[in-house]
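Undergrad: The structure under discussion is supplied below as structure tokens; questions concerning it will follow.
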Amino acid sequence: AQSVTQLDSHVSVSEGTPVLLRCNYSSSYSPSLFWYVQHPNKGLQLLLKYTSAATLVKGINGFEAEFKKSETSFHLTKPSAHMSDAAEYFCVVSLRNDYKLSFGAGTTVTVRA
Amino acid sequence: GAVVSQHPSWVICKSGTSVKIECRSLDFQATTMFWYRQFPKQSLMLMATSNEGSKATYEQGVEKDKFLINHASLTLSTLTVTSAHPEDSSFYICSASGATGELFFGEGSRLTVL
């Protein structure tokens, strides 16, 4: 079985400052890890994913995440927040070759002008 | 990129009626589709896995007679909420996977039962 814990339910940052969203996972086998973003009343958009290649994964809109097996973490970062980054972010885990996803509880990001 | 379309995006219905939500993969064939339910300010919960041409696999605690899923073609899956009640009000999201294995999500359908 696999599970995901997002350590912060809400993160507030000033525009232009770094963003850090923390995620820890547990999985019996080698997992695939994803970060998705959801804007209000919208579906989910994939930001980035880790499968088995490089541990530092670059995604869209300047986001990146680092897979750290020793810490069972997959934290999401962005060097400079933009107002459009205000949204809900989900860390997601799945077993390799299994399409079933386990979602974290989500982190709400607000960006102050 | 691949697009998954849901219809309707908003629906309001009276208690006791049935509502059908469609999920279409617009530019790829989806052998597997997934239906999720999302309560306000909460995460997504997988309801069922839908495979084309076969019965859906429901997650524990999801009433299959309440939430009917049909995946009649490689581009269309439908979720029917039968005899809807106010507690069924929620945001329903589908996702679809194609040959590459990547998952694409629909825009979601908000159901309000009065």
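Chain labels follow the order of the structure tokens: the first chain is A, the next B, and so on; residue numbering restarts at 1 in every chain, and ligands are counted from 1 in their shown order.
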What parts of chain B does DSSP call strand (DSSP E)? I'd like the answer as a PyMOL selection string.

TA: chain B and resi 4-7+10-13+19-25+32-38+44-51+57-58+67-73+76-81+90-97+103-105+109-113

Undergrad: Excluding stretch 86-88 of chain B and residues on its chain fewer than 6 positions from it, collect all residues at most 10 Å away from it, counting only C-alpha atoms, and give them as a ChimeraX atom specification.

TA: /B:13-16,37,39,66-67,111-114

Undergrad: Keeping only N, CA and C atoms, write the selected residues to a file as a PDB file, in the first residue's frame.

TA:
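Result saved to again_4.pdb:
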```pdb
ATOM      1  N   CYS B  13     -29.912  19.461  -9.538  1.00  0.00           N
ATOM      2  CA  CYS B  13     -31.058  18.582  -9.728  1.00  0.00           C
ATOM      3  C   CYS B  13     -31.850  18.458  -8.435  1.00  0.00           C
ATOM      4  N   LYS B  14     -33.052  17.964  -8.574  1.00  0.00           N
ATOM      5  CA  LYS B  14     -33.908  17.761  -7.412  1.00  0.00           C
ATOM      6  C   LYS B  14     -33.596  16.411  -6.772  1.00  0.00           C
ATOM      7  N   SER B  15     -33.805  16.327  -5.495  1.00  0.00           N
ATOM      8  CA  SER B  15     -33.585  15.086  -4.780  1.00  0.00           C
ATOM      9  C   SER B  15     -34.478  13.979  -5.360  1.00  0.00           C
ATOM     10  N   GLY B  16     -33.892  12.822  -5.573  1.00  0.00           N
ATOM     11  CA  GLY B  16     -34.635  11.693  -6.109  1.00  0.00           C
ATOM     12  C   GLY B  16     -34.442  11.474  -7.597  1.00  0.00           C
ATOM     13  N   ARG B  37     -14.172  11.612  -6.472  1.00  0.00           N
ATOM     14  CA  ARG B  37     -15.098  12.530  -5.824  1.00  0.00           C
ATOM     15  C   ARG B  37     -14.288  13.452  -4.919  1.00  0.00           C
ATOM     16  N   PHE B  39     -14.795  16.462  -2.015  1.00  0.00           N
ATOM     17  CA  PHE B  39     -15.593  17.316  -1.159  1.00  0.00           C
ATOM     18  C   PHE B  39     -14.889  18.669  -1.000  1.00  0.00           C
ATOM     19  N   LYS B  66     -25.564   2.885  -6.643  1.00  0.00           N
ATOM     20  CA  LYS B  66     -25.805   4.312  -6.505  1.00  0.00           C
ATOM     21  C   LYS B  66     -25.058   5.085  -7.589  1.00  0.00           C
ATOM     22  N   PHE B  67     -23.853   4.668  -7.838  1.00  0.00           N
ATOM     23  CA  PHE B  67     -22.995   5.337  -8.813  1.00  0.00           C
ATOM     24  C   PHE B  67     -22.717   4.351  -9.956  1.00  0.00           C
ATOM     25  N   LEU B 111     -21.890  18.826  -8.902  1.00  0.00           N
ATOM     26  CA  LEU B 111     -23.281  18.396  -8.738  1.00  0.00           C
ATOM     27  C   LEU B 111     -23.843  18.987  -7.459  1.00  0.00           C
ATOM     28  N   THR B 112     -24.974  19.646  -7.587  1.00  0.00           N
ATOM     29  CA  THR B 112     -25.704  20.156  -6.425  1.00  0.00           C
ATOM     30  C   THR B 112     -27.091  19.530  -6.429  1.00  0.00           C
ATOM     31  N   VAL B 113     -27.424  18.844  -5.370  1.00  0.00           N
ATOM     32  CA  VAL B 113     -28.728  18.198  -5.249  1.00  0.00           C
ATOM     33  C   VAL B 113     -29.556  18.971  -4.226  1.00  0.00           C
ATOM     34  N   LEU B 114     -30.709  19.456  -4.665  1.00  0.00           N
ATOM     35  CA  LEU B 114     -31.541  20.282  -3.795  1.00  0.00           C
ATOM     36  C   LEU B 114     -32.512  19.429  -2.987  1.00  0.00           C
TER      37      LEU B 114
END
```

Undergrad: Give me the residues of chain A that have any atom at most 7 Å from an atom of chain B; for each, the nearest atom pair and the distance in Å, rounded to one decimal. Use only C-alpha atoms, sort by chain and number, and format it as a Markdown table.

TA:
```
| residue | atom | partner | partner_atom | distance |
| --- | --- | --- | --- | --- |
| A:Lys42 | CA | B:Glu107 | CA | 5.0 |
| A:Gly43 | CA | B:Glu107 | CA | 3.8 |
| A:Leu44 | CA | B:Phe105 | CA | 5.7 |
| A:Phe103 | CA | B:Leu44 | CA | 6.4 |
| A:Gly104 | CA | B:Ser43 | CA | 6.6 |
| A:Ala105 | CA | B:Ser43 | CA | 4.9 |
| A:Gly106 | CA | B:Ser43 | CA | 6.0 |
```

Undergrad: With a distance cut-off of 12 Å and only C-alpha atoms, select the neighbouring residues of A:Ser27, excluding the residue or stretch itself and same-chain residues fewer than 4 positions from it, and output the selection as an MDAnalysis selection string.

TA: chainID A and resid 1:5 31:33 69 72:73 92:96 101:102

Undergrad: Could you pull out the helix (DSSP H, G or I) residues of stretch 9-94 of chain A, going by DSSP on the backbone, and write them as a list of chain:residue names?

TA: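 Taking stretch 9-94 of chain A and keeping helix (DSSP H, G or I) gives A:Ile60, A:Asn61, A:Gly62, A:Met83, A:Ser84, A:Asp85.
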
Undergrad: Taking only C-alpha atoms into account, name the residue in B:Ala84, B:Ala99, B:Ile69, B:Ile12 that is nearest to B:Asp27.

TA: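 Smallest separation from B:Asp27 among the options: B:Ala99.
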
Undergrad: Pick out the closest residue to B:Leu26 from this set: B:Tyr58, B:Thr75, B:Ser89, B:Glu52. Count only C-alpha atoms.

TA: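 Using only C-alpha atoms, the shortest distance to B:Leu26 belongs to B:Thr75.
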
Undergrad: Could you work out how far atom CA of A:Phe34 lies from atom CA of A:Arg22, giving the answer in Å with one decimal?

TA: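 Taking atom CA of A:Arg22 as the start and atom CA of A:Phe34 as the end point, the length is 12.6 Å.
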